[in-house]
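Enquirer: You'll find start00.txt just under this line, and it carries compact mmCIF, C-alpha atoms.
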```txt
# COMPACT_ATOMS: atom_id res chain seq x y z
CA MET A 139 -27.22 15.67 -8.42
CA VAL A 140 -24.04 15.20 -10.38
CA SER A 141 -24.68 13.09 -13.44
CA VAL A 142 -21.95 14.24 -15.81
CA ALA A 143 -18.27 15.05 -15.37
CA GLN A 144 -17.93 18.50 -13.85
CA PRO A 145 -14.98 20.42 -15.26
CA ILE A 146 -12.63 21.96 -12.75
CA PRO A 147 -13.29 25.69 -12.26
CA GLY A 148 -11.65 27.80 -14.96
CA ALA A 149 -8.95 29.31 -12.76
CA PHE A 150 -7.40 25.89 -12.47
CA ALA A 151 -7.25 25.03 -16.16
CA PRO A 152 -4.54 27.34 -17.57
CA SER A 153 -1.96 26.66 -14.86
CA ARG A 154 -2.64 22.95 -14.54
CA PRO A 155 0.66 21.08 -14.24
CA THR A 156 1.27 17.93 -16.26
CA VAL A 157 0.65 15.14 -13.79
CA LYS A 158 3.29 12.44 -13.72
CA ILE A 159 2.13 9.32 -11.96
CA VAL A 160 5.58 7.94 -11.14
CA PRO A 161 8.59 10.30 -10.89
CA VAL A 162 10.88 8.07 -12.97
CA LYS A 163 13.97 10.16 -12.16
CA LEU A 164 13.73 9.06 -8.54
CA LEU A 165 13.70 5.32 -9.35
CA PRO A 166 17.54 4.97 -9.24
CA VAL A 167 17.47 6.42 -5.70
CA VAL A 168 14.94 3.78 -4.70
CA GLY A 169 17.16 1.14 -6.32
CA VAL A 170 20.19 2.28 -4.31
CA VAL A 171 18.18 2.25 -1.07
CA LEU A 172 16.93 -1.29 -1.74
CA VAL A 173 20.39 -2.59 -2.66
CA GLY A 174 21.63 -1.10 0.63
CA LEU A 175 18.84 -2.88 2.48
CA VAL A 176 19.71 -6.25 0.91
CA THR A 177 23.36 -5.69 1.82
CA ALA A 178 22.44 -4.76 5.41
CA ILE A 179 20.41 -7.96 5.78
CA ALA A 180 22.98 -10.16 4.03
CA THR A 181 25.85 -8.89 6.19
CA ASN A 182 23.72 -8.73 9.34
CA SER A 183 25.48 -5.46 10.12
CA HIS A 184 23.93 -4.23 13.35
CA TRP A 185 24.67 -0.60 12.51
CA ALA A 186 23.24 -0.84 8.98
CA LEU A 187 20.10 -2.63 10.19
CA ASP A 188 19.68 -0.06 12.97
CA PHE A 189 20.16 2.74 10.44
CA TYR A 190 17.57 1.36 8.02
CA HIS A 191 15.06 0.63 10.75
CA ILE A 192 15.41 3.90 12.64
CA ALA A 193 15.83 6.17 9.61
CA GLY A 194 13.08 4.41 7.64
CA GLY A 195 10.71 4.13 10.61
CA GLY A 196 11.32 7.71 11.74
CA LEU A 197 10.63 9.11 8.29
CA TRP A 198 7.61 6.84 7.77
CA THR A 199 6.11 7.81 11.12
CA GLY A 200 6.97 11.49 10.69
CA ILE A 201 5.51 11.73 7.19
CA ASP A 202 2.35 9.85 8.21
CA LEU A 203 1.86 12.09 11.24
CA PHE A 204 2.55 15.25 9.24
CA VAL A 205 0.36 14.34 6.28
CA GLY A 206 -2.41 12.87 8.43
CA LEU A 207 -2.64 15.41 11.19
CA VAL A 208 -1.16 18.63 9.76
CA LEU A 209 -1.28 18.66 5.97
CA GLY A 210 -4.53 16.64 5.66
CA PRO A 211 -6.74 19.12 7.55
CA ILE A 212 -5.05 22.03 5.71
CA LEU A 213 -5.71 20.32 2.35
CA GLY A 214 -9.32 19.78 3.36
CA SER A 215 -9.80 23.50 3.98
CA MET A 216 -8.15 24.66 0.73
CA SER A 217 -10.01 25.59 -2.44
CA ILE A 218 -10.32 22.72 -4.93
CA PRO A 219 -7.88 24.20 -7.51
CA ALA A 220 -5.27 24.85 -4.80
CA ARG A 221 -5.82 21.40 -3.33
CA LEU A 222 -5.37 19.78 -6.74
CA GLU A 223 -2.27 21.79 -7.54
CA LEU A 224 -0.62 20.69 -4.29
CA SER A 225 -1.77 17.06 -4.63
CA SER A 226 -0.64 16.74 -8.23
CA ARG A 227 2.89 17.66 -7.14
CA MET A 228 2.98 15.85 -3.80
CA MET A 229 1.20 12.56 -4.45
CA PRO A 230 3.52 11.15 -7.17
CA LYS A 231 6.47 11.62 -4.82
CA LEU A 232 4.63 9.98 -1.94
CA LEU A 233 3.76 7.10 -4.27
CA LEU A 234 7.46 6.31 -4.50
CA ILE A 235 8.68 7.44 -1.06
CA MET A 236 6.17 5.63 1.16
CA PRO A 237 6.53 2.03 -0.16
CA THR A 238 10.31 2.47 -0.07
CA LEU A 239 10.25 3.62 3.56
CA VAL A 240 7.86 0.84 4.54
CA THR A 241 10.06 -1.81 2.88
CA MET A 242 13.18 -0.34 4.53
CA THR A 243 11.59 -0.28 7.98
CA LEU A 244 9.90 -3.67 7.93
CA GLY A 245 12.70 -5.59 6.21
CA SER A 246 15.41 -4.28 8.53
CA GLY A 247 13.14 -4.40 11.60
CA PHE A 248 12.31 -8.06 11.16
CA GLN A 249 15.97 -8.96 10.65
CA LEU A 250 17.03 -6.81 13.61
CA ALA A 251 14.46 -8.46 15.87
CA ARG A 252 15.64 -11.86 14.70
CA THR A 253 19.35 -11.19 15.31
CA LEU A 254 18.62 -9.67 18.72
CA GLY A 255 16.46 -12.65 19.70
CA ASN A 256 13.39 -10.45 20.11
CA LEU A 257 11.21 -12.74 17.99
CA SER A 258 11.50 -15.52 20.54
CA ALA A 259 8.36 -16.22 22.59
CA THR A 260 10.55 -16.04 25.70
CA TYR A 261 11.42 -12.41 24.96
CA PRO A 262 9.83 -10.46 27.85
CA ASN A 263 8.21 -7.90 25.53
CA HIS A 264 6.97 -10.41 22.96
CA ASP A 265 3.37 -9.23 23.42
CA TRP A 266 4.40 -5.65 22.63
CA LEU A 267 6.13 -6.89 19.50
CA VAL A 268 3.00 -8.73 18.39
CA ALA A 269 1.01 -5.55 19.12
CA SER A 270 3.35 -3.69 16.76
CA TYR A 271 2.62 -6.30 14.03
CA VAL A 272 -1.10 -5.70 14.51
CA VAL A 273 -0.70 -1.91 14.29
CA VAL A 274 1.40 -2.25 11.12
CA GLY A 275 -1.11 -4.74 9.73
CA VAL A 276 -4.05 -2.38 10.26
CA MET A 277 -2.09 0.49 8.72
CA ALA A 278 -1.17 -1.72 5.75
CA VAL A 279 -4.82 -2.61 5.12
CA ILE A 280 -5.88 1.05 5.29
CA ALA A 281 -2.97 2.27 3.15
CA LEU A 282 -3.15 -0.46 0.50
CA GLY A 283 -6.90 -0.94 0.46
CA LEU A 284 -8.16 2.65 0.69
CA LEU A 285 -5.47 5.32 0.64
CA GLU A 286 -3.40 4.18 -2.35
CA PRO A 287 -6.40 3.44 -4.61
CA ALA A 288 -7.80 6.92 -3.86
CA ASN A 289 -4.38 8.51 -4.41
CA LEU A 290 -3.88 6.83 -7.80
CA ALA A 291 -7.44 7.48 -8.96
CA VAL A 292 -7.01 11.22 -8.20
CA LEU A 293 -3.74 11.35 -10.15
CA PHE A 294 -5.30 9.71 -13.20
CA GLU A 295 -8.37 11.93 -12.96
CA LEU A 296 -6.09 14.97 -13.00
CA ARG A 297 -4.59 13.83 -16.32
CA LYS A 298 -7.94 14.10 -18.06
CA PRO A 299 -8.71 17.20 -20.16
CA ASN A 300 -11.79 17.83 -17.98
CA PRO A 301 -11.27 16.31 -14.53
CA ASN A 302 -14.42 15.56 -12.56
CA ALA A 303 -14.28 17.90 -9.55
CA ALA A 304 -16.97 16.03 -7.59
CA ARG A 305 -15.15 12.73 -8.02
CA ILE A 306 -11.80 14.25 -7.04
CA GLY A 307 -13.39 15.85 -3.98
CA ARG A 308 -14.84 12.50 -2.92
CA LEU A 309 -11.55 10.64 -3.44
CA MET A 310 -9.55 13.36 -1.69
CA LYS A 311 -11.85 13.03 1.32
CA VAL A 312 -10.99 9.30 1.46
CA PHE A 313 -7.29 10.20 1.19
CA ILE A 314 -7.49 12.83 3.96
CA TYR A 315 -9.46 10.61 6.39
CA THR A 316 -7.31 7.52 5.86
CA ALA A 317 -4.12 9.59 6.17
CA GLY A 318 -5.51 10.93 9.48
CA ILE A 319 -6.24 7.42 10.76
CA THR A 320 -2.78 6.10 9.84
CA GLY A 321 -1.29 9.23 11.43
CA LEU A 322 -3.09 8.45 14.69
CA MET A 323 -2.02 4.80 14.49
CA GLN A 324 1.59 5.92 14.16
CA ILE A 325 1.28 7.33 17.69
CA ALA A 326 0.65 3.73 18.83
CA THR A 327 3.78 2.68 16.89
CA LEU A 328 5.81 5.34 18.71
CA VAL A 329 4.52 4.16 22.11
CA ILE A 330 5.34 0.50 21.32
CA MET A 331 8.75 1.14 19.77
CA THR A 332 9.94 3.42 22.57
CA LYS A 333 8.73 0.84 25.11
CA LEU A 334 10.68 -1.91 23.27
CA ALA A 335 13.80 0.22 22.94
CA SER A 336 13.86 1.27 26.59
CA SER A 337 13.37 -2.12 28.23
CA MET B 194 -31.40 11.87 -25.97
CA GLU B 195 -29.87 11.29 -22.57
CA ALA B 196 -26.07 11.12 -22.39
CA ALA B 197 -24.51 7.83 -21.25
CA ALA B 198 -23.64 7.76 -17.56
CA PRO B 199 -19.97 8.52 -16.87
CA PRO B 200 -17.85 5.60 -15.53
CA ALA B 201 -18.22 6.69 -11.86
CA GLU B 202 -21.96 6.17 -11.90
CA ARG B 203 -21.81 2.67 -13.33
CA ARG B 204 -22.71 -0.17 -11.02
CA LEU B 205 -19.67 -2.42 -10.88
CA PRO B 206 -19.07 -5.68 -9.00
CA PRO B 207 -17.65 -5.30 -5.46
CA ILE B 208 -14.04 -5.71 -6.63
CA GLN B 209 -12.60 -3.23 -4.10
CA PRO B 210 -14.21 -4.69 -0.92
CA ILE B 211 -13.25 -8.22 -1.98
CA ALA B 212 -9.67 -7.12 -2.70
CA VAL B 213 -9.49 -5.41 0.71
CA ALA B 214 -10.86 -8.56 2.38
CA THR B 215 -8.11 -10.54 0.62
CA ILE B 216 -5.47 -8.14 2.00
CA VAL B 217 -6.98 -8.52 5.48
CA LEU B 218 -6.70 -12.33 5.31
CA VAL B 219 -3.09 -12.21 4.08
CA VAL B 220 -2.16 -9.64 6.74
CA ILE B 221 -3.74 -11.75 9.51
CA GLY B 222 -1.83 -14.78 8.20
CA GLY B 223 1.38 -12.75 8.17
CA ILE B 224 0.85 -11.47 11.73
CA TYR B 225 0.00 -14.97 12.98
CA THR B 226 3.14 -16.38 11.37
CA ALA B 227 5.42 -13.58 12.57
CA ALA B 228 4.04 -13.93 16.12
CA HIS B 229 5.18 -17.57 16.18
CA LEU B 230 8.52 -17.35 14.36
CA PRO B 231 11.19 -18.60 14.79
CA ARG B 232 9.29 -21.47 16.48
CA HIS B 233 7.10 -23.87 14.52
CA VAL B 234 4.01 -22.11 13.23
CA PRO B 235 0.74 -24.12 13.53
CA GLN B 236 -0.24 -24.59 9.89
CA GLY B 237 -4.02 -25.09 10.20
CA PRO B 238 -4.92 -21.41 10.66
CA THR B 239 -2.41 -20.15 8.07
CA ILE B 240 -3.55 -22.66 5.43
CA THR B 241 -7.21 -21.77 6.12
CA LEU B 242 -6.47 -18.04 5.79
CA LEU B 243 -4.45 -18.64 2.63
CA ALA B 244 -7.17 -20.81 1.07
CA ALA B 245 -9.82 -18.19 1.84
CA ALA B 246 -7.60 -15.47 0.34
CA VAL B 247 -7.06 -17.53 -2.83
CA VAL B 248 -10.82 -18.11 -3.18
CA LEU B 249 -11.52 -14.37 -2.80
CA LEU B 250 -8.78 -13.48 -5.28
CA ALA B 251 -10.07 -16.01 -7.84
CA THR B 252 -13.62 -14.67 -7.36
CA ASN B 253 -12.37 -11.15 -7.93
CA VAL B 254 -10.52 -12.11 -11.12
CA MET B 255 -13.68 -13.78 -12.45
CA LEU B 256 -15.88 -10.80 -11.54
CA LEU B 257 -13.41 -8.42 -13.10
CA ALA B 258 -13.10 -10.43 -16.33
CA ARG B 259 -16.86 -10.20 -16.83
CA ILE B 260 -17.03 -6.40 -16.76
CA GLN B 261 -17.87 -5.08 -20.21
CA PRO B 262 -17.20 -2.45 -21.37
CA PHE B 263 -14.18 -1.46 -19.26
CA ALA B 264 -10.99 0.60 -19.61
CA TRP B 265 -8.86 -2.51 -20.04
CA ARG B 266 -5.90 -0.67 -21.58
CA ILE B 267 -5.47 1.61 -18.55
CA PHE B 268 -6.15 -1.33 -16.25
CA ARG B 269 -3.33 -3.32 -17.85
CA VAL B 270 -0.86 -0.41 -17.72
CA VAL B 271 -1.51 0.35 -14.04
CA THR B 272 -1.63 -3.30 -13.02
CA ALA B 273 1.66 -4.06 -14.80
CA TRP B 274 3.51 -1.15 -13.14
CA VAL B 275 2.17 -1.92 -9.69
CA PHE B 276 2.88 -5.61 -10.19
CA ALA B 277 6.51 -4.78 -11.03
CA ALA B 278 6.78 -2.74 -7.82
CA TYR B 279 5.13 -5.40 -5.67
CA ILE B 280 7.30 -8.15 -7.12
CA VAL B 281 10.27 -6.18 -5.71
CA ILE B 282 8.58 -5.75 -2.30
CA ALA B 283 7.42 -9.39 -2.13
CA GLY B 284 10.87 -10.47 -3.35
CA MET B 285 12.52 -8.58 -0.49
CA LEU B 286 10.28 -10.29 2.05
CA GLU B 287 10.87 -13.71 0.44
CA TYR B 288 14.60 -13.04 0.56
CA VAL B 289 14.41 -12.35 4.31
CA PHE B 290 12.45 -15.57 4.93
CA VAL B 291 14.87 -17.71 2.91
CA TYR B 292 17.89 -15.97 4.41
CA ASP B 293 16.54 -16.68 7.90
CA HIS B 294 16.29 -20.41 7.11
CA THR B 295 12.51 -20.65 6.81
CA ARG B 296 12.03 -23.94 4.99
CA GLY B 297 9.50 -26.58 3.91
CA THR B 298 5.76 -26.12 4.18
CA GLN B 299 6.16 -22.90 6.14
CA LEU B 300 8.15 -21.29 3.32
CA LEU B 301 5.61 -22.59 0.80
CA ILE B 302 2.72 -21.00 2.74
CA LEU B 303 4.56 -17.68 3.12
CA THR B 304 5.49 -17.68 -0.58
CA ALA B 305 1.89 -18.37 -1.55
CA MET B 306 0.72 -15.52 0.73
CA LEU B 307 3.23 -13.17 -0.88
CA ALA B 308 2.05 -14.29 -4.33
CA VAL B 309 -1.59 -13.53 -3.41
CA PHE B 310 -0.48 -10.14 -2.05
CA ALA B 311 1.55 -9.39 -5.21
CA VAL B 312 -1.44 -10.13 -7.46
CA ASP B 313 -4.23 -8.68 -5.31
CA ILE B 314 -2.75 -5.18 -4.81
CA PRO B 315 -2.04 -4.55 -8.53
CA LEU B 316 -5.53 -5.82 -9.37
CA LEU B 317 -7.06 -3.47 -6.77
CA LEU B 318 -5.07 -0.43 -7.90
CA GLY B 319 -5.63 -1.18 -11.60
CA PHE B 320 -9.38 -1.45 -10.99
CA SER B 321 -9.47 1.69 -8.82
CA VAL B 322 -8.02 3.72 -11.68
CA ALA B 323 -9.73 2.02 -14.65
CA ARG B 324 -13.23 2.25 -13.17
CA TYR B 325 -13.16 6.04 -13.59
CA GLN B 326 -11.75 5.99 -17.13
CA ASP B 327 -13.68 5.89 -20.37
CA PRO B 328 -14.15 2.27 -21.45
CA ASP B 329 -12.06 1.06 -24.39
CA ALA B 330 -13.70 1.56 -27.75
```
Here is the file; what I need is its structure written in the form of structure tokens.
Expert:
Amino acid sequence: MVSVAQPIPGAFAPSRPTVKIVPVKLLPVVGVVLVGLVTAIATNSHWALDFYHIAGGGLWTGIDLFVGLVLGPILGSMSIPARLELSSRMMPKLLLIMPTLVTMTLGSGFQLARTLGNLSATYPNHDWLVASYVVVGVMAVIALGLLEPANLAVLFELRKPNPNAARIGRLMKVFIYTAGITGLMQIATLVIMTKLASS
Amino acid sequence: MEAAAPPAERRLPPIQPIAVATIVLVVIGGIYTAAHLPRHVPQGPTITLLAAAVVLLATNVMLLARIQPFAWRIFRVVTAWVFAAYIVIAGMLEYVFVYDHTRGTQLLILTAMLAVFAVDIPLLLGFSVARYQDPDA
């Protein structure tokens, strides 16, 4: 039974990177993206809204699928030091990239649907649209309620002089499973969005 | 003498499940509203969901405030950063609602839902980090 903090195996200690929680250098990029989104909505530019929705949604879906179904299982099979080394470099970036992509996709998508009249109850595929809200809602609950807390807790644990390996392992398991579930749910998003776009 | 249990082994109030339940209520309210827009949205269900979310959030704040000892410094740092980020996200959504001429009680309900969302997520993330840190001296 684990009752005290277990230090990470020695091989990990000397090469441990300094863990930055938020990559501050990338914040101006996020700012530019958000200003562009506000402009796209304010001008109701069909091209700009399309760009934000398709580029944001494509990247969001692609990253979720890749992390959930490809990288997640690989991470799960790696040694703990290797897993931590990869996570400590990848997770801070995802912490900034994912909320930005989600905001881009949802903000532009809602505005696009509104300008195209797709929000109307008389829109023939209104039920599919509501289904997409439900899928996004479930993903939001999983991502905000389980995935992000585990992600942040791992990053802060890694900053300690003696990170608790058992705790990190447990939190990483939550991260890997929830990333897998959101990855699978993104398949539903693809089905719904292609159905909406082709009818 | 036995060493004190590390933070992970401490029994803490169910802050995380309550915070997740709050998100669920806000998300259901959001989906219900979006499914009706741009028509009139029946306000009974949204007000009920919002009221339940506010009660859960208030309960969580009270439960959290009673935890002693706790890593309050880390909690405040994380909560403040996440709050700043979620103010931007909630602000974007508010901007879209206002821009699309959502007005009156409907705008008030949506704004209140966004406010609950913008407080609940930072609280959840701050707690998720601070619970594993050494309590403040």
Enquirer: Please identify all residues of chain A having at least one atom at most 6 Å from any atom of chain B, considering all atoms listed in the file, and return them as a ChimeraX atom specification.
Expert: /A:268,271,275,283,287,291
Enquirer: Save out the residues we just selected, C-alpha atoms, as a PDB file, keeping the file's coordinate frame.
Expert:
```
ATOM      1  CA  VAL A 268       3.000  -8.730  18.390  1.00  0.00           C
ATOM      2  CA  TYR A 271       2.620  -6.300  14.030  1.00  0.00           C
ATOM      3  CA  GLY A 275      -1.110  -4.740   9.730  1.00  0.00           C
ATOM      4  CA  GLY A 283      -6.900  -0.940   0.460  1.00  0.00           C
ATOM      5  CA  PRO A 287      -6.400   3.440  -4.610  1.00  0.00           C
ATOM      6  CA  ALA A 291      -7.440   7.480  -8.960  1.00  0.00           C
TER       7      ALA A 291
END
```
Enquirer: Is it possible to get the axis-aligned box enclosing segment 300-306 of chain B (all listed atoms, 4 Å extra per side) as JSON, with centre and edge lengths in Å rounded to one decimal?
Expert:
```
{"center_x": 4.4, "center_y": -19.1, "center_z": 0.9, "size_x": 15.4, "size_y": 15.1, "size_z": 12.9}
```
Enquirer: Hey, what's within 10 Å of Thr199 of chain A if we count only C-alpha atoms and toss same-chain stuff fewer than 5 positions away? As a list in words, please?
Expert: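 Using only C-alpha atoms, the neighbours found are Ala193, Gly194, Phe204, Val205, Leu239, Val240, Thr320, Gly321, Leu322, Met323, Gln324, Ile325, Thr327 and Leu328 of chain A.
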Enquirer: Take the residues from that selection and put them in a file with C-alpha atoms, as a short mmCIF file (atom, residue, chain, number, x, y, z; two decimals), in the frame of the given file.
Expert:
```
data_model
loop_
_atom_site.label_atom_id
_atom_site.label_comp_id
_atom_site.auth_asym_id
_atom_site.auth_seq_id
_atom_site.Cartn_x
_atom_site.Cartn_y
_atom_site.Cartn_z
CA ALA A 193 15.83 6.17 9.61
CA GLY A 194 13.08 4.41 7.64
CA PHE A 204 2.55 15.25 9.24
CA VAL A 205 0.36 14.34 6.28
CA LEU A 239 10.25 3.62 3.56
CA VAL A 240 7.86 0.84 4.54
CA THR A 320 -2.78 6.10 9.84
CA GLY A 321 -1.29 9.23 11.43
CA LEU A 322 -3.09 8.45 14.69
CA MET A 323 -2.02 4.80 14.49
CA GLN A 324 1.59 5.92 14.16
CA ILE A 325 1.28 7.33 17.69
CA THR A 327 3.78 2.68 16.89
CA LEU A 328 5.81 5.34 18.71
#
```
Enquirer: Tell me which protein, DNA and RNA residues are within 12 Å of Tyr190 of chain A, counting all atoms listed in the file, leaving out same-chain ones fewer than 6 positions away, and put them as a VMD selection string.
Expert: chain A and resid 171 to 179 182 to 184 196 to 198 238 to 250
Enquirer: Have a look at atom CA of Gly214 of chain A and atom CA of Val312 of chain A and let me know their distance in Å, one decimal.
Expert: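 Atom CA of Gly214 of chain A sits 10.8 Å away from atom CA of Val312 of chain A.
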Enquirer: What is the atom CA of Leu307 of chain B to atom CA of Val170 of chain A distance in Å?
Expert: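 Separating atom CA of Leu307 of chain B from atom CA of Val170 of chain A is a distance of 23.2 Å.
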Enquirer: Please report the interatomic distance between atom CA of Leu267 of chain A and atom CA of Thr316 of chain A in Å with one decimal.
Expert: 24.0 Å
Enquirer: Pick out the closest residue to Ala304 of chain A from this set: A:Ser336, A:Val273, A:Leu257, A:Ile218. Count all atoms listed in the file.
Expert: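 Nearest candidate to Ala304 of chain A out of A:Ser336, A:Val273, A:Leu257, A:Ile218: A:Ile218.
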Enquirer: Counting all atoms listed in the file, which residue out of B:Asp327, B:Leu301, B:Gln236, B:Val275 sits closest to Leu233 of chain A?
Expert: B:Val275
